[in-house]
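Asker: So here's start.csv, just CSV, C-alpha atoms and all ligand atoms:
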```csv
chain,number,residue,atom,x,y,z
A,102,MET,CA,0.0,0.0,0.0
A,103,ALA,CA,1.0,3.6,-0.4
A,104,ALA,CA,2.5,5.5,2.5
A,105,LEU,CA,-0.1,7.0,4.9
A,106,LEU,CA,-0.9,10.6,4.9
A,107,HIS,CA,-0.1,12.4,8.2
A,108,ALA,CA,-3.8,12.8,9.0
A,109,ASP,CA,-4.2,9.1,8.9
A,110,PHE,CA,-1.5,8.4,11.5
A,111,PRO,CA,-2.9,7.0,14.7
A,112,THR,CA,-3.5,9.3,17.7
A,113,PHE,CA,-1.3,8.7,20.7
A,114,ASP,CA,-3.9,6.5,22.5
A,115,LYS,CA,-4.2,4.2,19.5
A,116,LEU,CA,-0.4,3.5,19.3
A,117,PRO,CA,0.6,0.1,20.8
A,118,ALA,CA,3.5,0.1,23.2
A,119,GLN,CA,6.4,-1.8,21.7
A,120,LYS,CA,9.1,-2.7,24.2
A,121,GLY,CA,11.4,-4.0,21.5
A,122,LEU,CA,12.5,-1.9,18.6
A,123,PRO,CA,10.0,-1.5,15.7
A,124,ASP,CA,11.1,-3.3,12.6
A,125,PRO,CA,12.3,-0.8,10.1
A,126,LEU,CA,11.3,-3.2,7.3
A,127,VAL,CA,7.7,-3.5,8.3
A,128,MET,CA,5.2,-0.8,7.3
A,129,LEU,CA,2.9,0.9,9.9
A,130,ASP,CA,0.0,-1.3,8.7
A,131,GLY,CA,2.1,-4.5,9.3
A,132,THR,CA,3.1,-5.1,5.6
A,133,ARG,CA,6.6,-6.5,5.3
A,134,VAL,CA,9.0,-4.7,2.9
A,135,THR,CA,10.2,-7.4,0.5
A,136,THR,CA,11.6,-5.4,-2.4
A,137,LYS,CA,13.9,-2.4,-2.8
A,138,VAL,CA,11.2,-0.6,-4.8
A,139,GLN,CA,8.9,-1.0,-1.8
A,140,TRP,CA,11.5,0.5,0.5
A,141,VAL,CA,12.2,3.4,-1.8
A,142,ASN,CA,8.6,4.2,-2.8
A,143,GLU,CA,6.7,3.3,0.3
A,144,ARG,CA,8.5,2.6,3.6
A,145,ARG,CA,11.1,5.4,3.2
A,146,PRO,CA,8.5,8.1,2.6
A,147,GLU,CA,6.3,6.7,5.4
A,148,LEU,CA,9.2,6.8,7.9
A,149,LYS,CA,10.0,10.4,6.8
A,150,LYS,CA,6.4,11.3,7.5
A,151,LEU,CA,6.3,9.5,10.8
A,152,PHE,CA,9.4,11.3,12.1
A,153,GLN,CA,7.9,14.6,11.1
A,154,HIS,CA,4.5,13.8,12.6
A,155,TYR,CA,5.5,12.4,16.0
A,156,MET,CA,8.9,14.0,16.7
A,157,TYR,CA,10.7,16.7,14.6
A,158,GLY,CA,7.8,18.5,13.0
A,159,GLU,CA,7.3,19.4,9.3
A,160,PHE,CA,9.9,20.3,6.9
A,161,PRO,CA,8.6,23.2,4.7
A,162,PRO,CA,9.3,23.0,1.0
A,163,PRO,CA,12.5,24.5,-0.3
A,164,VAL,CA,12.7,28.2,-0.9
A,165,LYS,CA,14.8,30.2,-3.4
A,166,VAL,CA,18.4,30.7,-2.1
A,167,GLU,CA,20.3,33.8,-3.3
A,168,ALA,CA,24.0,34.2,-2.6
A,169,THR,CA,26.2,37.3,-2.3
A,170,VAL,CA,29.9,36.8,-1.9
A,171,GLU,CA,30.9,39.5,0.6
A,172,HIS,CA,34.6,38.7,0.8
A,173,THR,CA,37.1,36.5,-0.9
A,174,ASP,CA,40.6,35.7,0.3
A,175,PRO,CA,42.4,33.5,-2.3
A,176,GLN,CA,45.4,33.1,0.0
A,177,ALA,CA,43.9,32.2,3.3
A,178,LEU,CA,45.7,29.8,5.8
A,179,GLY,CA,49.1,30.9,4.5
A,180,GLY,CA,48.0,30.3,0.9
A,181,LYS,CA,46.6,26.8,1.4
A,182,ALA,CA,42.9,27.8,0.9
A,183,THR,CA,40.5,30.2,-0.6
A,184,LEU,CA,38.2,31.6,2.0
A,185,LYS,CA,34.8,33.2,1.2
A,186,ASP,CA,32.3,34.9,3.5
A,187,ILE,CA,28.9,34.7,1.8
A,188,THR,CA,25.4,35.9,2.6
A,189,LEU,CA,22.6,33.5,1.7
A,190,THR,CA,19.1,34.9,1.5
A,191,LEU,CA,16.4,32.3,2.0
A,192,GLY,CA,13.1,32.9,0.3
A,193,GLY,CA,14.0,36.6,-0.2
A,194,LYS,CA,13.5,37.0,3.6
A,195,HIS,CA,16.0,35.5,5.9
A,196,LYS,CA,19.8,35.9,5.8
A,197,VAL,CA,22.5,33.6,7.0
A,198,HIS,CA,26.3,33.9,6.9
A,199,LEU,CA,28.2,31.1,5.2
A,200,LEU,CA,31.9,30.6,5.7
A,201,LEU,CA,33.4,28.5,2.8
A,202,VAL,CA,37.0,27.4,2.9
A,203,VAL,CA,38.3,25.4,-0.1
A,204,PRO,CA,41.7,23.9,-0.5
A,205,ASN,CA,43.9,25.5,-3.2
A,206,LYS,CA,45.8,22.3,-3.8
A,207,ARG,CA,43.3,20.0,-5.5
A,208,SER,CA,42.9,18.2,-8.9
A,209,GLY,CA,39.2,19.0,-9.3
A,210,PRO,CA,36.1,19.9,-7.3
A,211,ALA,CA,36.7,19.3,-3.6
A,212,PRO,CA,34.7,17.1,-1.3
A,213,VAL,CA,33.1,19.2,1.5
A,214,PHE,CA,32.3,18.9,5.1
A,215,VAL,CA,29.1,20.9,5.9
A,216,GLY,CA,28.2,21.8,9.5
A,217,LEU,CA,26.5,24.2,11.8
A,218,ASN,CA,28.4,25.7,14.7
A,219,PHE,CA,27.6,27.0,18.2
A,220,ALA,CA,29.8,30.0,18.4
A,221,GLY,CA,29.8,31.8,15.1
A,222,ASN,CA,31.9,31.4,12.0
A,223,HIS,CA,34.3,34.0,13.3
A,224,ALA,CA,35.1,31.6,16.2
A,225,ALA,CA,36.2,28.8,13.8
A,226,LEU,CA,39.3,30.7,12.5
A,227,PRO,CA,41.3,33.7,13.7
A,228,ASP,CA,40.6,35.8,10.6
A,229,LYS,CA,39.5,39.4,11.0
A,230,ALA,CA,37.6,39.3,7.7
A,231,ILE,CA,35.0,36.8,8.8
A,232,ARG,CA,31.9,38.7,9.8
A,233,LEU,CA,30.5,38.4,13.3
A,234,PRO,CA,27.0,37.1,13.7
A,235,THR,CA,24.5,39.8,14.4
A,236,THR,CA,21.8,37.6,16.0
A,237,TRP,CA,21.4,36.0,19.5
A,238,MET,CA,24.4,34.0,20.7
A,239,TYR,CA,24.9,31.4,23.5
A,240,GLY,CA,25.9,33.4,26.6
A,241,ASN,CA,28.6,30.9,27.6
A,242,ARG,CA,30.8,31.2,24.5
A,243,LYS,CA,34.0,33.3,24.5
A,244,GLY,CA,33.5,37.0,23.7
A,245,VAL,CA,29.7,36.9,23.9
A,246,LYS,CA,28.3,40.0,25.7
A,247,ASN,CA,24.6,40.3,26.3
A,248,ASN,CA,24.0,37.4,24.0
A,249,ARG,CA,25.8,39.2,21.1
A,250,ALA,CA,29.1,38.3,19.5
A,251,THR,CA,32.2,40.5,19.9
A,252,ASP,CA,35.7,40.5,18.3
A,253,GLU,CA,36.9,38.7,21.5
A,254,GLY,CA,35.4,35.5,20.3
A,255,ARG,CA,37.5,35.4,17.1
A,256,GLY,CA,39.3,32.1,16.7
A,257,ALA,CA,38.1,30.8,20.0
A,258,GLU,CA,37.0,27.5,18.5
A,259,THR,CA,39.9,27.0,16.1
A,260,ASP,CA,40.6,23.6,17.7
A,261,THR,CA,37.0,22.5,17.7
A,262,TRP,CA,36.8,22.9,13.9
A,263,ALA,CA,40.5,22.2,13.0
A,264,ILE,CA,39.8,23.7,9.5
A,265,GLU,CA,43.4,23.9,8.5
A,266,GLN,CA,44.0,20.2,9.2
A,267,THR,CA,41.0,19.2,7.1
A,268,ILE,CA,42.0,21.5,4.3
A,269,GLU,CA,45.4,19.8,4.3
A,270,ARG,CA,43.6,16.5,3.8
A,271,GLY,CA,41.9,17.9,0.7
A,272,PHE,CA,38.4,18.7,2.0
A,273,ALA,CA,36.6,22.0,1.8
A,274,VAL,CA,34.7,23.1,4.9
A,275,ALA,CA,31.4,25.0,4.9
A,276,LEU,CA,30.1,26.4,8.1
A,277,VAL,CA,27.0,28.3,9.3
A,278,TYR,CA,26.3,29.6,12.8
A,279,SER,CA,23.2,27.6,13.9
A,280,GLY,CA,21.6,30.7,15.4
A,281,ASP,CA,21.7,32.4,12.0
A,282,ILE,CA,19.1,29.8,11.0
A,283,GLU,CA,17.3,29.8,14.3
A,284,PRO,CA,18.5,31.0,17.7
A,285,ASP,CA,18.4,28.2,20.3
A,286,ASP,CA,16.2,30.2,22.7
A,287,LYS,CA,13.4,28.2,24.2
A,288,ASP,CA,11.1,31.3,24.6
A,289,THR,CA,11.3,33.1,21.3
A,290,ARG,CA,11.3,32.0,17.7
A,291,ARG,CA,13.0,34.6,15.6
A,292,GLY,CA,14.8,32.8,12.8
A,293,VAL,CA,13.4,30.7,10.0
A,294,GLN,CA,10.7,29.3,12.4
A,295,ALA,CA,9.3,32.9,12.7
A,296,VAL,CA,9.8,33.8,9.1
A,297,PHE,CA,8.3,30.6,7.7
A,298,ASP,CA,5.9,30.2,10.6
A,299,GLN,CA,3.9,27.0,11.0
A,300,GLY,CA,1.7,28.2,13.8
A,301,LYS,CA,1.0,26.2,16.9
A,302,SER,CA,0.0,22.9,15.3
A,303,PRO,CA,1.3,19.8,17.2
A,304,THR,CA,3.2,18.9,14.1
A,305,ALA,CA,4.8,22.4,13.5
A,306,TRP,CA,8.6,22.1,13.1
A,307,GLY,CA,10.9,22.2,16.1
A,308,THR,CA,14.3,23.9,16.0
A,309,ILE,CA,16.2,20.7,15.1
A,310,ALA,CA,14.1,20.4,12.0
A,311,ALA,CA,14.6,24.1,11.3
A,312,TRP,CA,18.4,23.7,11.6
A,313,ALA,CA,18.3,20.6,9.3
A,314,TRP,CA,16.2,22.5,6.7
A,315,GLY,CA,18.7,25.3,6.9
A,316,ILE,CA,21.5,22.8,6.1
A,317,HIS,CA,19.5,21.7,3.0
A,318,ARG,CA,19.3,25.3,1.9
A,319,VAL,CA,23.1,25.7,2.2
A,320,LEU,CA,23.4,22.6,0.0
A,321,ASP,CA,21.1,24.2,-2.6
A,322,TYR,CA,23.9,26.8,-3.0
A,323,LEU,CA,26.9,24.6,-2.5
A,324,VAL,CA,25.9,22.2,-5.3
A,325,THR,CA,26.0,25.0,-7.8
A,326,LEU,CA,29.7,25.8,-7.2
A,327,PRO,CA,32.3,24.5,-9.6
A,328,GLU,CA,34.9,24.2,-6.8
A,329,ILE,CA,32.7,21.8,-4.8
A,330,ASP,CA,32.0,18.2,-5.7
A,331,ALA,CA,28.2,17.8,-5.3
A,332,ARG,CA,28.5,14.1,-5.1
A,333,ARG,CA,30.9,14.2,-2.1
A,334,ILE,CA,29.1,16.1,0.6
A,335,VAL,CA,29.6,15.1,4.2
A,336,VAL,CA,27.4,16.5,7.0
A,337,VAL,CA,28.9,16.8,10.4
A,338,GLY,CA,27.7,18.2,13.7
A,339,HIS,CA,28.2,18.0,17.5
A,340,SER,CA,25.6,17.2,20.1
A,341,ARG,CA,22.3,19.0,19.4
A,342,LEU,CA,23.9,19.9,16.0
A,343,GLY,CA,24.8,16.2,15.6
A,344,LYS,CA,21.1,15.4,16.0
A,345,THR,CA,20.6,18.0,13.3
A,346,ALA,CA,23.3,16.4,11.1
A,347,LEU,CA,21.6,13.0,11.3
A,348,LEU,CA,18.2,14.4,10.5
A,349,ALA,CA,19.5,16.5,7.6
A,350,GLY,CA,21.3,13.4,6.2
A,351,ALA,CA,18.3,11.1,6.6
A,352,PHE,CA,16.1,13.5,4.7
A,353,ASP,CA,18.4,14.6,1.9
A,354,GLU,CA,20.1,12.2,-0.5
A,355,ARG,CA,22.5,14.8,-1.7
A,356,ILE,CA,24.4,14.2,1.5
A,357,ALA,CA,26.8,11.4,0.7
A,358,VAL,CA,28.1,10.6,4.3
A,359,VAL,CA,26.4,11.4,7.6
A,360,MET,CA,28.5,12.0,10.8
A,361,PRO,CA,26.6,12.9,14.0
A,362,HIS,CA,29.2,13.4,16.7
A,363,GLN,CA,28.1,12.7,20.4
A,364,ALA,CA,24.5,13.4,19.4
A,365,GLY,CA,22.6,11.3,21.9
A,366,MET,CA,18.9,11.6,22.7
A,367,GLY,CA,16.7,13.0,20.0
A,368,GLY,CA,19.3,12.0,17.4
A,369,THR,CA,21.5,8.9,17.6
A,370,ALA,CA,20.5,7.4,21.0
A,371,PRO,CA,17.4,5.3,21.5
A,372,ASN,CA,14.2,6.9,22.7
A,373,ARG,CA,13.6,3.6,24.5
A,374,GLY,CA,17.0,3.7,26.2
A,375,THR,CA,17.5,3.7,29.9
A,376,VAL,CA,21.0,5.3,30.1
A,377,GLY,CA,21.6,9.1,30.0
A,378,GLU,CA,19.1,11.6,28.8
A,379,SER,CA,15.4,10.5,28.5
A,380,VAL,CA,12.6,11.7,26.1
A,381,LYS,CA,11.0,13.4,29.1
A,382,ARG,CA,14.2,15.2,30.1
A,383,ILE,CA,15.0,16.5,26.7
A,384,ASN,CA,11.4,17.7,26.2
A,385,THR,CA,11.5,19.5,29.5
A,386,SER,CA,14.9,21.2,29.1
A,387,PHE,CA,14.5,21.9,25.4
A,388,PRO,CA,10.8,21.9,24.5
A,389,HIS,CA,11.4,23.9,21.3
A,390,TRP,CA,13.7,21.3,19.7
A,391,PHE,CA,10.9,19.0,18.8
A,392,ASN,CA,7.2,19.2,17.8
A,393,GLY,CA,4.2,19.2,20.2
A,394,ASN,CA,3.4,15.6,19.5
A,395,TYR,CA,6.7,14.3,20.8
A,396,LYS,CA,5.9,15.5,24.3
A,397,LEU,CA,3.1,12.9,24.4
A,398,PHE,CA,5.8,10.2,24.6
A,399,ASN,CA,7.5,11.6,27.7
A,400,ASP,CA,6.4,8.7,29.9
A,401,ALA,CA,5.7,6.3,27.1
A,402,PRO,CA,8.6,6.2,24.6
A,403,ALA,CA,7.7,2.6,23.8
A,404,LYS,CA,4.6,3.9,22.0
A,405,LEU,CA,6.7,5.6,19.3
A,406,PRO,CA,6.2,3.7,16.1
A,407,PHE,CA,9.9,4.0,15.3
A,408,ASP,CA,13.2,4.5,17.1
A,409,GLN,CA,16.3,6.3,16.0
A,410,HIS,CA,17.6,3.2,14.1
A,411,CYS,CA,14.9,4.1,11.6
A,412,LEU,CA,16.4,7.5,11.1
A,413,VAL,CA,19.8,5.8,10.4
A,414,ALA,CA,18.0,3.5,8.0
A,415,LEU,CA,16.7,6.5,6.1
A,416,CYS,CA,20.3,7.3,5.2
A,417,ALA,CA,20.8,3.8,3.6
A,418,PRO,CA,22.7,3.0,1.5
A,419,ARG,CA,24.8,6.1,2.3
A,420,PRO,CA,27.5,5.6,5.0
A,421,VAL,CA,26.8,6.8,8.6
A,422,LEU,CA,29.5,7.2,11.3
A,423,PHE,CA,28.6,7.7,15.0
A,424,THR,CA,31.4,9.1,17.1
A,425,ASN,CA,31.4,9.2,20.9
A,426,ALA,CA,33.4,9.8,24.0
A,427,GLN,CA,33.7,7.4,27.0
A,428,GLU,CA,32.8,10.0,29.6
A,429,ASP,CA,29.8,11.2,27.7
A,430,SER,CA,27.3,8.8,29.1
A,431,TRP,CA,24.6,11.4,28.8
A,432,ALA,CA,24.6,10.7,25.1
A,433,ASN,CA,24.4,6.9,25.7
A,434,PRO,CA,27.3,5.6,23.6
A,435,ASP,CA,26.2,1.9,24.0
A,436,GLY,CA,22.6,2.7,23.0
A,437,GLN,CA,23.9,4.5,19.9
A,438,PHE,CA,25.8,1.3,18.9
A,439,GLU,CA,22.5,-0.6,19.3
A,440,MET,CA,20.8,1.8,17.0
A,441,LEU,CA,23.4,1.1,14.3
A,442,GLN,CA,23.1,-2.6,14.8
A,443,ALA,CA,19.3,-2.3,14.5
A,444,ALA,CA,19.6,-0.3,11.2
A,445,ASP,CA,22.0,-2.9,9.8
A,446,PRO,CA,19.3,-5.1,8.3
A,447,VAL,CA,18.1,-2.3,6.1
A,448,PHE,CA,21.6,-1.6,4.8
A,449,ARG,CA,22.1,-5.4,4.1
A,450,PHE,CA,18.7,-5.6,2.5
A,451,LEU,CA,19.8,-2.8,0.1
A,452,GLY,CA,23.1,-4.5,-0.6
A,453,ALA,CA,25.0,-1.6,1.0
A,454,GLY,CA,27.2,-3.5,3.6
A,455,GLY,CA,26.4,-2.5,7.2
A,456,MET,CA,27.9,-2.7,10.6
A,457,GLU,CA,31.1,-4.7,10.7
A,458,ALA,CA,31.7,-4.7,14.5
A,459,LYS,CA,29.8,-7.4,16.4
A,460,SER,CA,30.1,-5.6,19.7
A,461,ARG,CA,31.0,-2.1,20.6
A,462,PRO,CA,34.5,-1.3,19.4
A,463,GLU,CA,37.3,-0.7,21.9
A,464,LEU,CA,38.3,2.9,22.7
A,465,GLY,CA,40.2,4.5,19.9
A,466,THR,CA,39.4,1.7,17.4
A,467,LEU,CA,37.5,2.8,14.3
A,468,SER,CA,34.9,0.4,12.9
A,469,ASP,CA,34.8,1.8,9.4
A,470,GLY,CA,32.0,-0.1,7.6
A,471,THR,CA,29.0,1.5,5.9
A,472,LEU,CA,27.7,1.8,9.4
A,473,GLY,CA,30.7,3.1,11.3
A,474,TYR,CA,31.4,3.6,15.0
A,475,TRP,CA,34.1,5.2,17.0
A,476,ILE,CA,34.6,6.0,20.7
A,477,ARG,CA,37.5,7.7,22.3
A,478,ALA,CA,38.5,8.5,25.8
A,479,GLY,CA,37.5,11.8,27.3
A,480,LYS,CA,34.5,14.1,27.4
A,481,HIS,CA,31.7,15.7,25.5
A,482,SER,CA,33.6,17.9,23.0
A,483,MET,CA,34.8,18.1,19.4
A,484,ASN,CA,38.5,18.3,18.7
A,485,ARG,CA,41.3,17.8,16.2
A,486,ASP,CA,41.6,14.1,16.9
A,487,ASP,CA,37.9,13.7,16.2
A,488,TRP,CA,38.4,15.5,12.9
A,489,LYS,CA,41.2,13.1,11.9
A,490,ILE,CA,38.7,10.3,12.3
A,491,PHE,CA,36.0,12.2,10.3
A,492,ALA,CA,38.5,12.8,7.5
A,493,GLN,CA,39.7,9.2,7.5
A,494,TYR,CA,36.2,7.8,7.4
A,495,ALA,CA,35.1,10.2,4.7
A,496,ALA,CA,38.2,9.5,2.5
A,497,LYS,CA,37.4,5.8,2.7
A,498,HIS,CA,33.8,6.2,1.7
A,499,LEU,CA,33.8,9.1,-0.8
A,500,LYS,CA,34.8,7.6,-4.1
A,501,LYS,CA,35.8,10.0,-6.8
B,601,LIG,C1,22.4,19.1,26.5
B,601,LIG,C2,21.3,18.2,26.0
B,601,LIG,C3,21.8,17.2,24.9
B,601,LIG,C4,22.6,18.0,23.9
B,601,LIG,C5,23.7,18.8,24.5
B,601,LIG,C6,24.5,19.6,23.5
B,601,LIG,O1,23.3,18.3,27.3
B,601,LIG,O2,20.7,17.5,27.1
B,601,LIG,O3,20.7,16.6,24.4
B,601,LIG,O4,23.1,17.1,22.9
B,601,LIG,O5,23.1,19.7,25.4
B,601,LIG,O6,23.9,20.0,22.5
B,601,LIG,O7,25.6,20.0,23.9
```
Let me see the file written as C-alpha cells.

Answerer:
Amino acid sequence: MAALLHADFPTFDKLPAQKGLPDPLVMLDGTRVTTKVQWVNERRPELKKLFQHYMYGEFPPPVKVEATVEHTDPQALGGKATLKDITLTLGGKHKVHLLLVVPNKRSGPAPVFVGLNFAGNHAALPDKAIRLPTTWMYGNRKGVKNNRATDEGRGAETDTWAIEQTIERGFAVALVYSGDIEPDDKDTRRGVQAVFDQGKSPTAWGTIAAWAWGIHRVLDYLVTLPEIDARRIVVVGHSRLGKTALLAGAFDERIAVVMPHQAGMGGTAPNRGTVGESVKRINTSFPHWFNGNYKLFNDAPAKLPFDQHCLVALCAPRPVLFTNAQEDSWANPDGQFEMLQAADPVFRFLGAGGMEAKSRPELGTLSDGTLGYWIRAGKHSMNRDDWKIFAQYAAKHLKK
C-alpha cells in the first residue's frame, strides 16, 4: 500500500507500546517490505512522514536561495585555501552567513564537510575578515556579551573545527552559525521558524528540523559551485547539532556521508534507552527542539512507532558514522551502537554493507564499515583528533 498521509496516522492512544524496537522493514500497517522498490517508494516516505509527525515537525518546501559573496581571500591559511564569506538569502526574507574554505591544492572539485556551529563562523578561524553574527548568541561562549558576538570570540573554536588540518587532507569546509538559521532560545522564535511560521500545530517544526532544513538550503547553494563536488558532501555536527546532522542526512540524499558526533537523545540514541538523557528530560529542558506531539511520549517512549535506528535506516545506502566519548554517558554511547546494529538489516537488504563490528569497538578503534562507530577516551567535545577520524572515514567512503 501507499504511505499513509499524516492525517491518517494513529493518535497517541491508538499506538501500541512496543518494548522492543519497531522493525524498520515493516510498514505501519504491518506489511513487510520485501523489495527495494517498496523500500524506496513506500517505507522510506512513510518513515520520513512518521518522524515529522511524531517527533521533529514538518519540513517546509525548499525556498529560493540567493547568494552574495561578501569577501574572498584566495590566500587564506598561508596560501593553502580560498576563503569566502557569503550571505545566503532564503526565500527573499532570511539571511544567513556562510563561511566557505576550499583547498587551493586539488585536482578538481573538492569534497566538502558541511556543518553548523555553536559560536559563530568568526570563532572557527582567527581571521578578522570573517563577519560576526548579528543575532542572538549562547551566553557561555567566549567573547559573547549580552548574547551578542564581539571580536573577542575570534578564533576561540579553532581547535573545535580544525579547519586547516581538514584543508590539508583535501576537503573543503562550509560552516554556518546555527543561530543564524534559528537562535536556540526556548522562549522566542526569531529565525526561519518565525519567518516561515507554521503556527501552533502539534506537528509544527521544532528547532532541530529548522536547523536541518537550513543545512538543506546551504546545500542548494553549494551544489551550484564549480569548486565543490556535489557528489561528495559530508554533513557533520556536534551534540544538538549532531542530532541535526543525522536528521539532515536522513532527509536529503544529496548528502553522501552522515556524521553525527556525540549526538545522543533526539538523534543517535534510542528513545527507549535507559541510560543518559530521556525523552521526558529533553522535552523538559529543550521543548522547542521537537514538535508538540513528541511531548506525548515523555512517559511512554515505547509507543513511538519508530526508534532512532529508523532515522539511520533512512540514510541507507549512504554511510553513517557515529562518534562518541567514553565519559559522555549522557549521550548513551552503547545505546547508539545498538541503533546502528538495528539499522544494519536495512543496509544489508539494500546490498550496502552494514555494521562490521559485532560488539561495541574498543576505545580508539574505528569500525569503518558503511555503518561506522568510534569511541575515544574523554569528554563531550569536538577536537582535532575527532576531525582526523572524520576525514579518515570520509576519505574511505567518498569515491571520486
Ligand atoms: C544538553 C542536552 C543534549 C545535547 C547537549 C548539547 O546536554 O541535554 O541533548 O546534545 O546539550 O547540544 O551539547

Asker: Write as a PDB file with C-alpha atoms, in the coordinates of the input the residues around ligand LIG 601 (chain B), taking 10 Å as the cut-off and counting all atoms listed in the file.

Answerer:
```pdb
ATOM      1  CA  PHE A 219      27.600  27.000  18.200  1.00  0.00           C
ATOM      2  CA  GLY A 338      27.700  18.200  13.700  1.00  0.00           C
ATOM      3  CA  HIS A 339      28.200  18.000  17.500  1.00  0.00           C
ATOM      4  CA  SER A 340      25.600  17.200  20.100  1.00  0.00           C
ATOM      5  CA  ARG A 341      22.300  19.000  19.400  1.00  0.00           C
ATOM      6  CA  LEU A 342      23.900  19.900  16.000  1.00  0.00           C
ATOM      7  CA  GLY A 343      24.800  16.200  15.600  1.00  0.00           C
ATOM      8  CA  LYS A 344      21.100  15.400  16.000  1.00  0.00           C
ATOM      9  CA  THR A 345      20.600  18.000  13.300  1.00  0.00           C
ATOM     10  CA  HIS A 362      29.200  13.400  16.700  1.00  0.00           C
ATOM     11  CA  GLN A 363      28.100  12.700  20.400  1.00  0.00           C
ATOM     12  CA  ALA A 364      24.500  13.400  19.400  1.00  0.00           C
ATOM     13  CA  GLY A 365      22.600  11.300  21.900  1.00  0.00           C
ATOM     14  CA  MET A 366      18.900  11.600  22.700  1.00  0.00           C
ATOM     15  CA  GLY A 367      16.700  13.000  20.000  1.00  0.00           C
ATOM     16  CA  GLY A 368      19.300  12.000  17.400  1.00  0.00           C
ATOM     17  CA  THR A 369      21.500   8.900  17.600  1.00  0.00           C
ATOM     18  CA  ALA A 370      20.500   7.400  21.000  1.00  0.00           C
ATOM     19  CA  GLY A 377      21.600   9.100  30.000  1.00  0.00           C
ATOM     20  CA  GLU A 378      19.100  11.600  28.800  1.00  0.00           C
ATOM     21  CA  SER A 379      15.400  10.500  28.500  1.00  0.00           C
ATOM     22  CA  VAL A 380      12.600  11.700  26.100  1.00  0.00           C
ATOM     23  CA  ARG A 382      14.200  15.200  30.100  1.00  0.00           C
ATOM     24  CA  ILE A 383      15.000  16.500  26.700  1.00  0.00           C
ATOM     25  CA  ASN A 384      11.400  17.700  26.200  1.00  0.00           C
ATOM     26  CA  THR A 385      11.500  19.500  29.500  1.00  0.00           C
ATOM     27  CA  SER A 386      14.900  21.200  29.100  1.00  0.00           C
ATOM     28  CA  PHE A 387      14.500  21.900  25.400  1.00  0.00           C
ATOM     29  CA  TRP A 390      13.700  21.300  19.700  1.00  0.00           C
ATOM     30  CA  ASP A 429      29.800  11.200  27.700  1.00  0.00           C
ATOM     31  CA  TRP A 431      24.600  11.400  28.800  1.00  0.00           C
ATOM     32  CA  ALA A 432      24.600  10.700  25.100  1.00  0.00           C
ATOM     33  CA  HIS A 481      31.700  15.700  25.500  1.00  0.00           C
ATOM     34  CA  SER A 482      33.600  17.900  23.000  1.00  0.00           C
TER      35      SER A 482
END
```

Asker: Report as a tab-separated table: every residue of segment 303-400 of chain A with an atom at most 10 Å from segment 264-286 of chain A, its closest pair of atoms, and their distance in Å to one decimal, counting only C-alpha atoms, with rows sorted by chain and ascending residue number.

Answerer:
```
residue	atom	partner	partner_atom	distance
A:Thr308	CA	A:Glu283	CA	6.8
A:Ile309	CA	A:Glu283	CA	9.2
A:Ala311	CA	A:Glu283	CA	7.0
A:Trp312	CA	A:Ile282	CA	6.2
A:Ala313	CA	A:Ile282	CA	9.4
A:Trp314	CA	A:Ile282	CA	9.0
A:Gly315	CA	A:Ile282	CA	6.1
A:Ile316	CA	A:Val277	CA	8.4
A:Val319	CA	A:Val277	CA	8.5
A:Leu320	CA	A:Ala275	CA	9.7
A:Leu323	CA	A:Ala275	CA	8.7
A:Glu328	CA	A:Ala273	CA	9.0
A:Ile329	CA	A:Ala273	CA	7.7
A:Asp330	CA	A:Ala273	CA	9.6
A:Arg333	CA	A:Phe272	CA	9.7
A:Ile334	CA	A:Ala273	CA	9.6
A:Val335	CA	A:Val274	CA	9.5
A:Val336	CA	A:Ala275	CA	9.6
A:Val337	CA	A:Leu276	CA	9.9
A:Leu342	CA	A:Ser279	CA	8.0
A:Thr345	CA	A:Ser279	CA	10.0
A:Phe387	CA	A:Asp286	CA	8.9
A:His389	CA	A:Asp286	CA	8.0
A:Trp390	CA	A:Asp285	CA	8.4
```

Asker: Between A:Thr135, A:Arg373, A:Glu159, A:Phe110, single out the one closest to Gln299 of chain A, counting only C-alpha atoms.

Answerer: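 Residue with the minimum atom-to-atom distance to Gln299 of chain A: A:Glu159.
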
Asker: Check the smallest atom-to-atom distance from each of A:Asn205, A:Glu428, A:Leu116, A:Asp228 to Gly479 of chain A using all atoms listed in the file, then report the winner.

Answerer: A:Glu428

Asker: Could you check which of A:Tyr322, A:Gly244, A:Val202, A:Tyr157 is closest to Pro175 of chain A, using all atoms listed in the file?

Answerer: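 The answer is A:Val202, which sits nearest to Pro175 of chain A.
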
Asker: Grab the atom CA of Ala453 of chain A to atom CA of Asp124 of chain A distance for me, in Å with one decimal place.

Answerer: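 Taking atom CA of Ala453 of chain A and atom CA of Asp124 of chain A, their separation equals 18.2 Å.
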
Asker: I'd like the neighbourhood of Val447 of chain A as a list in words, where a residue qualifies if any of its atoms comes within 8 Å (using all atoms listed in the file), though same-chain residues fewer than 6 positions away should be ignored.

Answerer: Pro125, Leu126, Ala414 and Ala417 of chain A

Asker: Skipping near chain neighbours, those fewer than 6 positions away, what residues fall within 8 Å of Thr169 of chain A using all atoms listed in the file, listed as a list in words?

Answerer: Ile187, Thr188 and Leu189 of chain A
